[in-house]
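Notes for the one structure printed next.
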Amino acid sequence: MQKKTRNFLRISIILTITVLIGITLWFNLTSDNKTVAVGDDAVDFQLKTLDGEDFRLSDLTNDNKGVILNFWGTWCEPCREEMPDMNQIYTNDYNDNYEIVAVNVAENEQQIQQFIAGLDANLEFPIALDSSRSVTEAYNIGPLPTTIAIDKEGKVVRKQEYQLTQDDILAFINDATG
Amino acid sequence: MELKEIKCESCGHVNPPGTQLCQSCGKMINSDYDKKKIKDVMRYDGSAVRSKVRQKSIFDKIWIFFTSVKIGISIILLIAIAAAIGTIFPQEYFIPIGADPAEYYSDTYGTLGYLYYTLGFHNLYSSWWFVLLNGMLALSIIAASIDRGVPLFKSLHKQRVKKHESFYRRQRLHKQTDHTADTEKIVEGLSDKRYKVRKDGDNYFLEKGKLSRYGPYINHVGLIILLFGSMLRFFPGMYVDEIVYVNEGEQEALPATDGEYYVENNNFTLDTYNEDAKEVFDESLNQRNMVVSNFQTDITVYENSSADIVGAEPELEEVDQHSIQVNHPYRFGSYELYQSSYDNTQLKSLTFRLEDSDGNTLGENFTVNLDNPEESYQINEDIEINMRAYAPDFLEIDENGSLVSETPVPNDPAFVFETNDGEDSELSLLQVMNSTDITENNDYNIRFVESEEHIASVLTLKKDLTVPFIASGFIIFLIGLFTGSYVNHRRIWISAEDGFTLGAHTNKNYFGMKKELNQVLDSIGSEPVSDRLDDEHNGKEKE
């Protein structure tokens with residue numbers, strides 16, 4: 001074998017194996033957590049709301065609106081606590097530039113109605129029902145509540161996996177409309 | 001040490017540096033070589049093992065590192081030790097479903113469990129360092145095979161018939177006589193034993209079973225295919241092993257199909273052996289209360305035509321119906337759906353009855369569906385029960401009087417029922433086994449009657465496109481092992497130039513070769529070959 005062939009063989013084999021190990025490890029690491037992170041494109045989805053309407057994410061972003069997705073459940077205490085704050089800011093400071101959507105994770109309507117009935121004020125923003133958890137899984141939501149801000153271009157711009165303070169809510173609105 | 005190409009003093013052939021025996025005529029180039037290792041003199045036919053020759057670029061250094069047998073064996077040992085450690089505690093897929101592995105290992109096995117988890121032993125085959133070790137093993141196998149295989153191929157491919165006179169003497173089996181008359185007959189006799197014969201003047205070269213020498217390399221090709229196949233498991237779409245949990249009467253999207261396929265559990269059957277059926281089984285049947293004869297899930301498979309939008313109401317078209325039993329999966333496309341287990345621990349509904357203060361049951365029993373409860377239940381013409389509050393997993397009553405649930409799963413359902421008989425209404429808080437009056441002096445009691453559980457079938461969705469690689473890898477591996485172990489590479493050199501000289505070499509089973517040679521020699525009345533090993537042995541005994 002010529003020296004050239006030998007060098008070519010050595011280099012190509014070493015590089016091929018290195019690349020294959022790299023690809024394998026990359027697939028391996030990315031398969032576990034496809035968690036939506038800031039900077040990712042938001043996955044488009046369509047859900048029924050509590051009022052029986054169809055809600056589609058891209059309808060809002062195409063309409064030049066920012067969107068705040070709040071994944072919640074009635075059994076989760078911080079979710080229950082942040083809900084009135086969100087509602088208050090949403091009603092006081094309502095503008096056409098953004099929308100809050102509270103995505104309920106796999107609960108029945110009775111539970112949601114029971115929760116709303118116990119609140120002082122009606123929730124003004126839509127509640128989307130993710131009964132099959134498909135959206136929750138697509139966004140790989142871990143703990144509840146998780147809140148995600150999506151800007152007009154459909155990019156995830158902010159994410160928080162614990163209860164929102166009023167300042168947090170304002171920051172989310174700011175990022176979604178910014 | 002300066003490395004130079006070596007010109008053979010005897011035949012003039014130019015050999016690469018590091019050569020021990022001339023590639024062409026077999027004369028010893030390094031005169032110390034056979035003093036150090038007598039038996040091994042023909043290893044790689046004395047060719048230069050190339051990695052020991054030149055060191056230059058970083059790639060050469062990496063290459064040479066991995067051609068080392070020591071490194072190869074160390075890698076194999078590390079893999080074996082890691083695999084052994086991986087069996088000490090259960091792998092992640094054996095711990096209870098839903099448990100957080102980070103907590104599970106340290107809670108169950110203490111500090112060792114924590115280390116086990118942190119170092120990735122809980123998911124050994126996909127831990128990064130295990131993948132890396134396997135990649136290094138692949139490189140080691142390929143590098144070592146090329147480094148040793150190429151020179152071996154060269155030396156076996158163009159063997160010269162005529163050898164240096166010292167070469168014959170160095171072979172373990174040899175024979176020297178003065179009369180050359182029988183040469184043709186001997187060659188003919190060996191040719192009948194399926195030796196391939198080449199002739200150069202009065203020199204003969206006979207060979208058979210050359211494939212034996214390539215056994216280890218065939219074996220290595222199999223291993224590389226095997227490693228390639230196991231690597232493919234990590235590639236998306238090649239390997240799926242997921243659990244599907246479907247309640248009876250419900251539909252569930254199949255994981256890994258991006259919501260394209262749905263499966264509906266029409267009916268789950270669990271049959272047990274009839275205890276009276278056959279006497280032969282009585283003993284074993286009596287040891288356990290219930291022996292299952294059949295787990296079966298009757299399914300309908302649907303294709304979803306609106307799968308491209310996440311969360312959208314599925315538009316399902318029925319594709320197929322099937323009954324899945326243990327070991328009789330449903331196959332569709334490259335997927336298989338196996339019966340795995342079942343679960344009947346999830347509450348589905350609770351049934352209650354209403355009693356008056358004297359303990360008489362009133363009207364119809366009423367059943368509350370825990371997944372989607374109704375607001376009100378008619379007991380008889382006069383009495384209606386309204387469900388005022390429901391907590392699936394009752395925790396406490398909070399300050400504004402509503403029921404707080406700990407989880408959304410109906411583990412410990414609690415209700416506030418309002419019993420309304422048209423005149424008065426009264427409230428009671430009810431947990432499954434215990435009820436408390438909220439309003440005072442209640443006339444009615446709500447009593448728990450029975451509960452119904454969801455029957456969920458647990459199926460396993462499997463897909464493995466790597467099987468052809470793994471299977472062919474194993475087959476090639478075994479073929480290599482077979483040729484390497486059971487085929488003998490036998491070579492005989494005969495020269496009739498200056499008397500009759502014979503040297504014979506085999507890579508294994510000298511006994512068999514000696515027998516074969518002597519048979520031929522015996523048939524023409526010639527003396528048997530002598531064995532250097534026997535000679536040495538005898539020599540030692542005489543001393």
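Following the order of the structure tokens, first chain is A, next is B, and so on, with residues numbered from 1 inside each chain and ligands from 1 in the order they appear.
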### Task
Determine, counting only C-alpha atoms, which protein, DNA and RNA residues have an atom within 6 Å of an atom of Ser131 in chain A; residues of the same chain fewer than 2 positions away are not included. Present the result as a PyMOL selection string.
chain A and resi 106+129+133
What are the closest atom pairs, with distances in Å to one decimal, for all residues of chain A lying within 8 Å of chain B? Consider only C-alpha atoms, order rows by chain and residue number, and present the result as a tab-separated table.
```
residue	atom	partner	partner_atom	distance
A:Asn7	CA	B:Asp60	CA	7.9
A:Arg10	CA	B:Trp63	CA	6.8
A:Ile11	CA	B:Phe59	CA	6.0
A:Ile13	CA	B:Leu139	CA	7.8
A:Ile14	CA	B:Leu139	CA	7.1
A:Ile17	CA	B:Gly135	CA	6.7
A:Thr18	CA	B:Gly135	CA	7.8
A:Ile21	CA	B:Gly135	CA	6.1
A:Thr24	CA	B:Phe234	CA	6.0
A:Leu25	CA	B:Trp128	CA	6.3
A:Phe27	CA	B:Phe234	CA	6.2
A:Asn28	CA	B:Phe234	CA	6.0
A:Val43	CA	B:Val310	CA	7.9
A:Asp44	CA	B:Val310	CA	6.8
A:Phe45	CA	B:Val310	CA	4.6
A:Gln46	CA	B:Ala312	CA	4.8
A:Leu47	CA	B:Gly311	CA	5.5
A:Gly73	CA	B:Pro408	CA	8.0
A:Trp75	CA	B:Ser405	CA	5.2
A:Cys76	CA	B:Glu406	CA	7.5
A:Glu107	CA	B:Pro408	CA	7.1
A:Asn108	CA	B:Asn372	CA	5.8
A:Glu109	CA	B:Asn372	CA	7.5
A:Gln110	CA	B:Pro373	CA	6.8
A:Gln111	CA	B:Tyr390	CA	7.3
A:Gln114	CA	B:Ala389	CA	7.0
A:Gly118	CA	B:Ser402	CA	7.4
A:Asp130	CA	B:Gly311	CA	7.0
A:Ser132	CA	B:Gly311	CA	7.6
A:Arg133	CA	B:Gly311	CA	7.9
A:Ser134	CA	B:Gly311	CA	5.4
A:Val135	CA	B:Gly311	CA	5.6
A:Ala138	CA	B:Val310	CA	7.5
```
### Message
I'd like to know which of A:Asp168, A:Glu124, A:Glu81, A:Glu99 is closest to Asp51 in chain A, using only C-alpha atoms.
### Response
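Answer, going by the shortest atom-to-atom distance: A:Glu124.
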### Query
range 44-170 of chain A: which residues are helix (DSSP H, G or I) by DSSP, as an NGL selection string?
:A and (57-62 or 77-92 or 109-117 or 134-138 or 166-170)
Restricting the output to N, CA and C atoms, write the selected residues as a tab-separated table (two decimals), in the first residue's frame.
```
chain	number	residue	atom	x	y	z
A	57	LEU	N	-52.66	28.46	17.85
A	57	LEU	CA	-51.58	29.39	18.20
A	57	LEU	C	-51.19	30.27	17.01
A	58	SER	N	-51.04	29.66	15.84
A	58	SER	CA	-50.54	30.42	14.69
A	58	SER	C	-51.53	31.49	14.24
A	59	ASP	N	-52.83	31.31	14.57
A	59	ASP	CA	-53.81	32.35	14.23
A	59	ASP	C	-53.43	33.67	14.92
A	60	LEU	N	-52.96	33.55	16.18
A	60	LEU	CA	-52.61	34.75	16.93
A	60	LEU	C	-51.29	35.35	16.46
A	61	THR	N	-50.28	34.48	16.28
A	61	THR	CA	-48.98	35.03	15.88
A	61	THR	C	-49.05	35.60	14.47
A	62	ASN	N	-49.87	34.97	13.60
A	62	ASN	CA	-50.04	35.53	12.26
A	62	ASN	C	-50.76	36.88	12.31
A	77	GLU	N	-51.25	24.36	43.66
A	77	GLU	CA	-51.50	25.55	44.48
A	77	GLU	C	-50.94	26.83	43.86
A	78	PRO	N	-49.65	26.85	43.45
A	78	PRO	CA	-49.14	28.08	42.83
A	78	PRO	C	-49.94	28.49	41.58
A	79	CYS	N	-50.47	27.50	40.86
A	79	CYS	CA	-51.30	27.83	39.69
A	79	CYS	C	-52.54	28.60	40.14
A	80	ARG	N	-53.17	28.08	41.20
A	80	ARG	CA	-54.38	28.73	41.71
A	80	ARG	C	-54.07	30.14	42.18
A	81	GLU	N	-52.86	30.31	42.75
A	81	GLU	CA	-52.53	31.62	43.32
A	81	GLU	C	-52.18	32.65	42.26
A	82	GLU	N	-51.55	32.21	41.16
A	82	GLU	CA	-51.13	33.20	40.16
A	82	GLU	C	-52.27	33.57	39.22
A	83	MET	N	-53.29	32.72	39.16
A	83	MET	CA	-54.37	32.93	38.19
A	83	MET	C	-55.08	34.28	38.38
A	84	PRO	N	-55.49	34.64	39.63
A	84	PRO	CA	-56.15	35.95	39.80
A	84	PRO	C	-55.24	37.11	39.43
A	85	ASP	N	-53.94	37.00	39.72
A	85	ASP	CA	-53.00	38.08	39.36
A	85	ASP	C	-52.95	38.28	37.85
A	86	MET	N	-52.86	37.15	37.15
A	86	MET	CA	-52.82	37.24	35.69
A	86	MET	C	-54.09	37.88	35.17
A	87	ASN	N	-55.21	37.46	35.75
A	87	ASN	CA	-56.50	37.97	35.30
A	87	ASN	C	-56.60	39.48	35.52
A	88	GLN	N	-56.10	39.90	36.69
A	88	GLN	CA	-56.19	41.32	37.03
A	88	GLN	C	-55.36	42.17	36.07
A	89	ILE	N	-54.14	41.75	35.84
A	89	ILE	CA	-53.27	42.52	34.94
A	89	ILE	C	-53.85	42.51	33.52
A	90	TYR	N	-54.38	41.34	33.13
A	90	TYR	CA	-54.93	41.19	31.79
A	90	TYR	C	-56.12	42.12	31.58
A	91	THR	N	-56.99	42.22	32.60
A	91	THR	CA	-58.19	43.05	32.44
A	91	THR	C	-57.86	44.54	32.57
A	92	ASN	N	-56.95	44.88	33.49
A	92	ASN	CA	-56.62	46.30	33.68
A	92	ASN	C	-55.84	46.87	32.52
A	109	GLU	N	-63.95	19.22	32.73
A	109	GLU	CA	-64.56	20.56	32.80
A	109	GLU	C	-65.15	20.85	34.17
A	110	GLN	N	-65.64	19.81	34.81
A	110	GLN	CA	-66.23	20.02	36.14
A	110	GLN	C	-65.21	20.63	37.08
A	111	GLN	N	-63.98	20.10	37.06
A	111	GLN	CA	-62.94	20.59	37.94
A	111	GLN	C	-62.60	22.05	37.63
A	112	ILE	N	-62.55	22.36	36.34
A	112	ILE	CA	-62.19	23.72	35.95
A	112	ILE	C	-63.30	24.71	36.33
A	113	GLN	N	-64.54	24.32	36.03
A	113	GLN	CA	-65.68	25.18	36.37
A	113	GLN	C	-65.74	25.41	37.88
A	114	GLN	N	-65.50	24.34	38.62
A	114	GLN	CA	-65.53	24.43	40.07
A	114	GLN	C	-64.48	25.41	40.58
A	115	PHE	N	-63.30	25.39	39.92
A	115	PHE	CA	-62.23	26.30	40.31
A	115	PHE	C	-62.62	27.74	39.98
A	116	ILE	N	-63.15	27.95	38.77
A	116	ILE	CA	-63.50	29.31	38.35
A	116	ILE	C	-64.61	29.87	39.25
A	117	ALA	N	-65.55	28.99	39.59
A	117	ALA	CA	-66.67	29.43	40.42
A	117	ALA	C	-66.18	29.93	41.78
A	134	SER	N	-51.36	16.29	24.65
A	134	SER	CA	-50.46	16.28	23.50
A	134	SER	C	-49.66	17.58	23.40
A	135	VAL	N	-50.28	18.71	23.77
A	135	VAL	CA	-49.55	19.97	23.72
A	135	VAL	C	-48.53	20.02	24.86
A	136	THR	N	-48.96	19.57	26.04
A	136	THR	CA	-48.06	19.53	27.19
A	136	THR	C	-46.82	18.69	26.86
A	137	GLU	N	-47.05	17.58	26.15
A	137	GLU	CA	-45.92	16.73	25.77
A	137	GLU	C	-45.08	17.37	24.67
A	138	ALA	N	-45.76	18.02	23.72
A	138	ALA	CA	-45.01	18.66	22.63
A	138	ALA	C	-44.09	19.76	23.17
A	166	GLN	N	-46.48	39.38	40.25
A	166	GLN	CA	-47.07	40.39	39.35
A	166	GLN	C	-46.00	40.97	38.43
A	167	ASP	N	-44.78	41.16	38.98
A	167	ASP	CA	-43.69	41.68	38.16
A	167	ASP	C	-43.33	40.71	37.04
A	168	ASP	N	-43.34	39.41	37.40
A	168	ASP	CA	-43.05	38.39	36.38
A	168	ASP	C	-44.06	38.49	35.24
A	169	ILE	N	-45.34	38.62	35.62
A	169	ILE	CA	-46.39	38.67	34.59
A	169	ILE	C	-46.15	39.85	33.66
A	170	LEU	N	-45.81	41.02	34.26
A	170	LEU	CA	-45.55	42.21	33.44
A	170	LEU	C	-44.35	41.97	32.53
```
### Query
Between B:Ser457, B:Thr19, B:Asp147, B:Ile397, which one has atoms that come closest to Asn265 in chain B, using only C-alpha atoms?
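Using only C-alpha atoms, the shortest distance to Asn265 in chain B belongs to B:Ser457.
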#### Entry: Which of range 291-488 of chain B DSSP labels strand (DSSP E), written as a VMD selection string
chain B and resid 292 to 304 316 to 325 330 to 332 335 to 343 347 to 356 361 to 369 376 to 378 384 to 391 394 to 397 403 to 405 414 to 420 425 to 431 434 to 437 444 to 453 456 to 464
Could you take the residues named above and write them with C-alpha atoms, as a CSV table (one decimal), in the first residue's frame?
```
chain,number,residue,atom,x,y,z
B,292,VAL,CA,-53.6,-16.9,34.1
B,293,SER,CA,-54.2,-18.7,30.9
B,294,ASN,CA,-54.6,-15.7,28.7
B,295,PHE,CA,-54.1,-12.0,28.6
B,296,GLN,CA,-55.8,-10.5,25.6
B,297,THR,CA,-56.6,-7.0,24.4
B,298,ASP,CA,-59.0,-6.5,21.5
B,299,ILE,CA,-57.9,-3.4,19.7
B,300,THR,CA,-59.0,-1.2,16.9
B,301,VAL,CA,-56.2,0.7,15.2
B,302,TYR,CA,-56.9,4.1,13.7
B,303,GLU,CA,-55.0,6.4,11.4
B,304,ASN,CA,-55.3,10.1,12.2
B,316,LEU,CA,-59.7,8.9,12.9
B,317,GLU,CA,-60.1,6.4,10.2
B,318,GLU,CA,-60.3,2.7,11.2
B,319,VAL,CA,-57.3,0.8,9.8
B,320,ASP,CA,-57.6,-2.6,11.4
B,321,GLN,CA,-58.9,-4.7,14.3
B,322,HIS,CA,-56.9,-7.3,16.1
B,323,SER,CA,-56.7,-9.3,19.3
B,324,ILE,CA,-53.3,-9.0,21.0
B,325,GLN,CA,-52.2,-11.9,23.2
B,330,TYR,CA,-50.2,-6.9,16.4
B,331,ARG,CA,-47.8,-6.0,13.6
B,332,PHE,CA,-48.3,-2.9,11.4
B,335,TYR,CA,-44.1,-1.7,14.5
B,336,GLU,CA,-45.2,-4.4,16.8
B,337,LEU,CA,-47.7,-3.9,19.6
B,338,TYR,CA,-47.2,-6.5,22.5
B,339,GLN,CA,-49.4,-7.3,25.4
B,340,SER,CA,-47.3,-6.3,28.4
B,341,SER,CA,-49.4,-6.1,31.5
B,342,TYR,CA,-52.6,-4.6,32.9
B,343,ASP,CA,-53.7,-2.3,35.6
B,347,LEU,CA,-60.9,4.2,40.1
B,348,LYS,CA,-63.4,4.8,37.4
B,349,SER,CA,-66.7,5.4,39.2
B,350,LEU,CA,-68.3,5.3,42.7
B,351,THR,CA,-71.8,4.2,43.4
B,352,PHE,CA,-73.8,5.6,46.4
B,353,ARG,CA,-77.2,5.1,47.9
B,354,LEU,CA,-79.3,7.5,49.9
B,355,GLU,CA,-80.7,6.5,53.3
B,356,ASP,CA,-83.2,8.3,55.5
B,361,THR,CA,-82.6,3.1,51.3
B,362,LEU,CA,-84.4,5.6,49.1
B,363,GLY,CA,-84.9,5.5,45.4
B,364,GLU,CA,-82.2,4.4,42.9
B,365,ASN,CA,-78.5,4.2,43.6
B,366,PHE,CA,-76.5,6.8,41.8
B,367,THR,CA,-73.1,6.4,40.2
B,368,VAL,CA,-70.5,9.2,39.9
B,369,ASN,CA,-68.2,9.0,37.0
B,376,SER,CA,-76.9,16.3,39.6
B,377,TYR,CA,-78.5,12.9,40.2
B,378,GLN,CA,-82.2,12.1,40.5
B,384,GLU,CA,-82.3,15.2,43.8
B,385,ILE,CA,-78.7,15.2,44.8
B,386,ASN,CA,-76.4,17.9,43.4
B,387,MET,CA,-72.7,17.6,43.5
B,388,ARG,CA,-71.4,20.9,44.9
B,389,ALA,CA,-67.7,20.0,45.0
B,390,TYR,CA,-65.4,17.2,44.0
B,391,ALA,CA,-61.8,16.7,44.8
B,394,PHE,CA,-58.7,15.0,48.8
B,395,LEU,CA,-56.2,16.9,50.8
B,396,GLU,CA,-58.1,19.5,52.8
B,397,ILE,CA,-60.8,22.1,52.9
B,403,LEU,CA,-62.2,21.1,48.5
B,404,VAL,CA,-58.5,21.0,47.7
B,405,SER,CA,-57.0,18.1,45.7
B,414,ALA,CA,-64.2,13.4,48.2
B,415,PHE,CA,-67.5,15.1,47.4
B,416,VAL,CA,-69.8,17.7,48.8
B,417,PHE,CA,-73.3,16.5,48.0
B,418,GLU,CA,-76.4,18.6,48.4
B,419,THR,CA,-79.5,16.6,49.1
B,420,ASN,CA,-82.6,18.4,48.0
B,425,SER,CA,-81.6,21.1,51.2
B,426,GLU,CA,-78.7,19.8,53.3
B,427,LEU,CA,-75.0,19.4,52.7
B,428,SER,CA,-72.7,16.5,53.5
B,429,LEU,CA,-69.0,16.0,52.9
B,430,LEU,CA,-68.3,12.5,51.7
B,431,GLN,CA,-65.1,10.5,51.3
B,434,ASN,CA,-66.5,8.2,55.7
B,435,SER,CA,-69.0,11.0,55.7
B,436,THR,CA,-69.4,14.2,57.7
B,437,ASP,CA,-72.5,16.3,57.9
B,444,TYR,CA,-80.5,11.9,55.0
B,445,ASN,CA,-77.3,9.9,54.8
B,446,ILE,CA,-75.4,9.1,51.7
B,447,ARG,CA,-73.7,5.7,51.8
B,448,PHE,CA,-71.0,4.3,49.7
B,449,VAL,CA,-72.1,1.1,47.8
B,450,GLU,CA,-69.3,0.1,45.5
B,451,SER,CA,-66.5,1.3,43.3
B,452,GLU,CA,-65.6,0.4,39.7
B,453,GLU,CA,-62.1,0.5,38.4
B,456,ALA,CA,-56.3,-0.6,31.6
B,457,SER,CA,-54.3,-2.8,29.2
B,458,VAL,CA,-50.6,-2.0,29.2
B,459,LEU,CA,-49.1,-2.6,25.8
B,460,THR,CA,-45.6,-2.2,24.5
B,461,LEU,CA,-44.9,-0.6,21.2
B,462,LYS,CA,-41.7,-1.9,19.6
B,463,LYS,CA,-39.8,-1.2,16.5
B,464,ASP,CA,-36.3,-2.3,15.7
```
### Query
Between A:Phe125, A:Ala102, A:Ala149, A:Gly39, which has the minimum distance to Phe71 in chain A (counting only C-alpha atoms)?
A:Ala102
### Task
Give the answer as one residue: which of B:Lys162, B:Tyr486, B:Phe89, B:Gly189 has the shortest atom-to-atom distance to Gly110 in chain B, using only C-alpha atoms?
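For Gly110 in chain B, the nearest of the given residues is B:Phe89.
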### Task
Quote the spacing between CA of Tyr245 in chain B and CA of Thr257 in chain B in Å to one decimal place.
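Atom-to-atom, CA of Tyr245 in chain B and CA of Thr257 in chain B are spaced 15.2 Å apart.
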### Message
What's around Val156 in chain A at 12 Å? Count only C-alpha atoms, leave out sequence neighbours fewer than 3 positions away in its own chain, and write the answer as a VMD selection string.
### Response
chain A and resid 35 to 44 61 66 to 69 139 147 to 153 159 to 160 172 175 to 177
### Query
Which one of B:Leu119, B:Cys11, B:Ala82, B:Leu152 sits closest to Pro216 in chain B if you count only C-alpha atoms?
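Selected residue with least distance to Pro216 in chain B: B:Leu152.
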